[in-house]
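Enquirer: There's a structure below that I have some questions on.
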There are 2 protein chains.
Amino acid sequence: MSARRGAADGDSLDPVDWDVLKSTFHDAVEQAIDHLRTIRDQPVWRQTPEEVKRRLTAALPRNPEPLDALLSVFAQDMLPFATGNVHPRFFGWVHGSGNPAGALGEMLAAFMNCNVGGRDHVAVYVERQVLKWCREIFAYPQTSSGILTSGTSMGTVIALAAARAARADVDVQKLGMAASPRRLVGYASSEAHSAIAKAFELLGFGRDALRLVPVDAEFRLSLPLLTEMIGADRARGYHPIVVVASAGTVNTGAIDDLDGAAALCREQRLWLHVDAAFGGLAVLTPEFRTQLGGIAEADSIAFDFHKWLHVPYDAGCVLVKDEAAHRAAFSHRRDYLAPAERGLAGGAPWFCDYGPELSRGFRALKIWFTIKAHGIDRLAEGIARNCRQAQLLGRAVASSDDLELLAPVSLNIVCFRYRAGDLGEAELARLNEAIVAELQLDGIAAPSTTRIRGRLAIRVALTNHRTTMEDLGILVSAVRRLGKAPLAPSAPGKRPRVLEPEQR
Amino acid sequence: MSARRGAADGDSLDPVDWDVLKSTFHDAVEQAIDHLRTIRDQPVWRQTPEEVKRRLTAALPRNPEPLDALLSVFAQDMLPFATGNVHPRFFGWVHGSGNPAGALGEMLAAFMNCNVGGRDHVAVYVERQVLKWCREIFAYPQTSSGILTSGTSMGTVIALAAARAARADVDVQKLGMAASPRRLVGYASSEAHSAIAKAFELLGFGRDALRLVPVDAEFRLSLPLLTEMIGADRARGYHPIVVVASAGTVNTGAIDDLDGAAALCREQRLWLHVDAAFGGLAVLTPEFRTQLGGIAEADSIAFDFHKWLHVPYDAGCVLVKDEAAHRAAFSHRRDYLAPAERGLAGGAPWFCDYGPELSRGFRALKIWFTIKAHGIDRLAEGIARNCRQAQLLGRAVASSDDLELLAPVSLNIVCFRYRAGDLGEAELARLNEAIVAELQLDGIAAPSTTRIRGRLAIRVALTNHRTTMEDLGILVSAVRRLGKAPLAPSAPGKRPRVLEPEQR
């Protein structure tokens, strides 16, 4: 053929000088690891300065900039202003703390640049390896299917789509939800994560189709009330298809009665999905092995690697016992994605037949590196340690006059508040909210807040391999001092400096 | 509080010796960059050896392994067996080729370990910066909303959920698809990507609710037929809500008449979504600026960074003109995710209110590094170069006796076949399928296959910044030689070696 070259033929995005590229990477490695090494000496969280925010509203850059200059911008404008969850005193929401082996995997995956939507290449086999390990963790059958996801939210969407494919009266993939002669409904406790309601919305069930079952005194789904609600729905012509049980609720860490839920679902012919986002992995510890063992009875499980296994964000997983239902929900394909017996288009089954994504990164590699580098026993010890820390913190709170425990400590979450004698509920809420904001703004610690039966709680979630009991001591001291201090949250610029510099 | 330490208190996942960790990272950088530097000398694709696959079925590891040993396993068992899309002669499907600046961003993001679901930290502002750039690329209003996704498949799901929130007669989020008095339907061409049908399935429309509109001779959606189909659906009581136009179809690169589709949608009061997965970015080139300018008229756009902008997998985006509809589709929240005015729980709006995910990695950083390091003009030149290469390849094919062009070259995709004089359709299909498999197995080049009006095509998609005209010459020569050679695809172990060693 006429191999006339265009003017710019051969002008790739690769560097002119590979050694300069290497040098920038080596500098980046030094900076990133030094940052991690000294994380304890830094504030948990620093507000992103206004001038940084302003710089991040620049116009689309037309011209190249040297990579080392960009690394400097990163070091100055970005690295100090992270979410904070790498720090030992980050206790907010449920965030994992990361680990350097996982970061190594992520860098190598970015260089390899695999698309794990399908086809025959090693990334597919690494993802299958990781999924095999997941089945082992939950004592799940090796005939089950699974796929890595961005997190439990997407895992829940996929699991519920599989449940729908398995249990609806009609071919919902083809005909849609409106074709179902009976309205499809599901159940979860009132403490279940909002991701479940979001999944019900996305899939077209509607969030009203998720019936919220009241909880018992320990915030666990009430099975007797669930049974009643299923019966009432059936009597009114609805079609119950799924129950979602929580293996660790986000508010308090409560673990639903999984064995009981499994028995009920078998009896009622319902799909049992377990939201194991973080708590499910406590099945790896001797303390929770029995209580969480019922996960193995579930029809599907969704959980995260980026929480209690500390894989860098984002990384989750869904496992589905009925492989055929899972595949039926997602295996729509066209000619240009036809599989082949030989070559790159081999490698069946393709992951794109088990989820909504056709392009998928090599997420498995950072998980592989994390699990291989630490071994599952050591990762499990970290989980057990966090649960012990939660128990100790809970006891310390319960035995204090000025602190009040607002929920039993079931797993790794402690919900409490500072309690000044003469304040009413509304004032206590404002005070504790202000305490949490001050803790964050001063960079001392980062718990989050929630409401427990209407009361605003300081919520400490321990999914942090760097946290020590000393860190929790610093937190409690700071809460007390902030609780006693005259806070002025309405004038943040003038708020009193109640903390000694050495504690920042 | 009683700071009694558990036995393992303080035993984090951080290394005992930080210098050893650094040393492993430096080794990894050397290996990964050397691999990239020598990519042209390597086969495009190597089948993963059986013993590697076997090793990747190991049991869950209980004990730690040294990180440098894991790096060796990676270098030996994984790096050589990648998808192949980093290589200059990878032409399969539509895969981007990656770039080292993006890999740097990914590594740094993994160390920072931000969760960009929400809250107030710098990763949120970097993602907003990237989204601002996206709006500039497509001349989209800065009042529009957007979110980074794993790719166009998820972007399409999000866009269609927003369309549903905006155009359904009822509150579908709350009440579900079954509550709609009229069945919701949408339209795309018969050449539209299967991701659209998959999104219709997932969202509960059902794939039958996606009406496939016939295409014209150049594989573009027929607007007259679309108008007829909308009218017919309305007459039968359906509720048309959305049209999906393709800015570059995956089969042939055909670009639908976007201006015409926009006018039709305005007239018919329908939501126009543009599937701009890869082709939309050609709007950055002078050659396609006019033809693709109509994207700015769309109600939503989904596209990928990991294709023609070469950001490492995975990275996509969705933009939605009606921010309120976008937010309405996803903003279900609970107490434990309550925003705050001050501190870490500030930073509103949160990205989790614009998509199904609550946990989200710092995907924006690899995009920021890629665009800043190269500048958008240079990235656009790469897109223009690929389109010129496609034109040249198309002309070379069209002027050959033994090659047949199966579709017009609209953008960057060339669909052709090797044509031996006396073979029937079925034999030609088998022969060309075998040619593609052999090209891949021999590591010479990796096109994929598709069917064009029933005929099996060798499909060359040029989304590769490393490809030169010489690479396309090597491809064409190899196709010819393989076409003439006596292939024995039924006995892969014994297939004849038709290629000289220097071409592997």
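Every chain in the structure tokens takes a letter, A first, then B, and so on in the order presented; its residues are numbered from 1, and the ligands are numbered from 1 following the presented order.
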Run DSSP on the backbone and tell me which residues of segment 131-307 of chain A come out as strand (DSSP E or B); list them as number ranges by chain.
Expert: A: 145-149, 184-189, 210-213, 215, 221, 239-247, 255, 271-275, 300-304
Enquirer: Can you list, as a PyMOL selection string, every protein, DNA or RNA residue that comes within 7 Å of segment 282-291 of chain B when you count only C-alpha atoms, leaving out same-chain residues fewer than 3 positions away?
Expert: chain B and resi 137+279+380+383-384
Enquirer: Give me the residues within 10 Å of Thr370 of chain A as a PyMOL selection string, counting only C-alpha atoms and dropping any in the same chain fewer than 4 places off.
Expert: (chain A and resi 98-105+305+309-312+364-366+374-376+379) or (chain B and resi 13+64+67)
Enquirer: Between atom CA of Glu127 of chain B and atom CA of Thr48 of chain A, what is the distance in Å, rounded to a tenth?
Expert: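 Between these atoms lies a distance of 13.8 Å.
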Enquirer: Show which residues sit within 9 Å of Val244 of chain B, as a list in words. Count only C-alpha atoms, and ignore same-chain residues fewer than 4 positions away.
Expert: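 Final neighbour list, sorted by chain and number: Gly186, Tyr187, Ala188, Ser189, Ala192, Ile196, Ala261, Trp271, Leu272, His273, Val274 and Asp275 of chain B.
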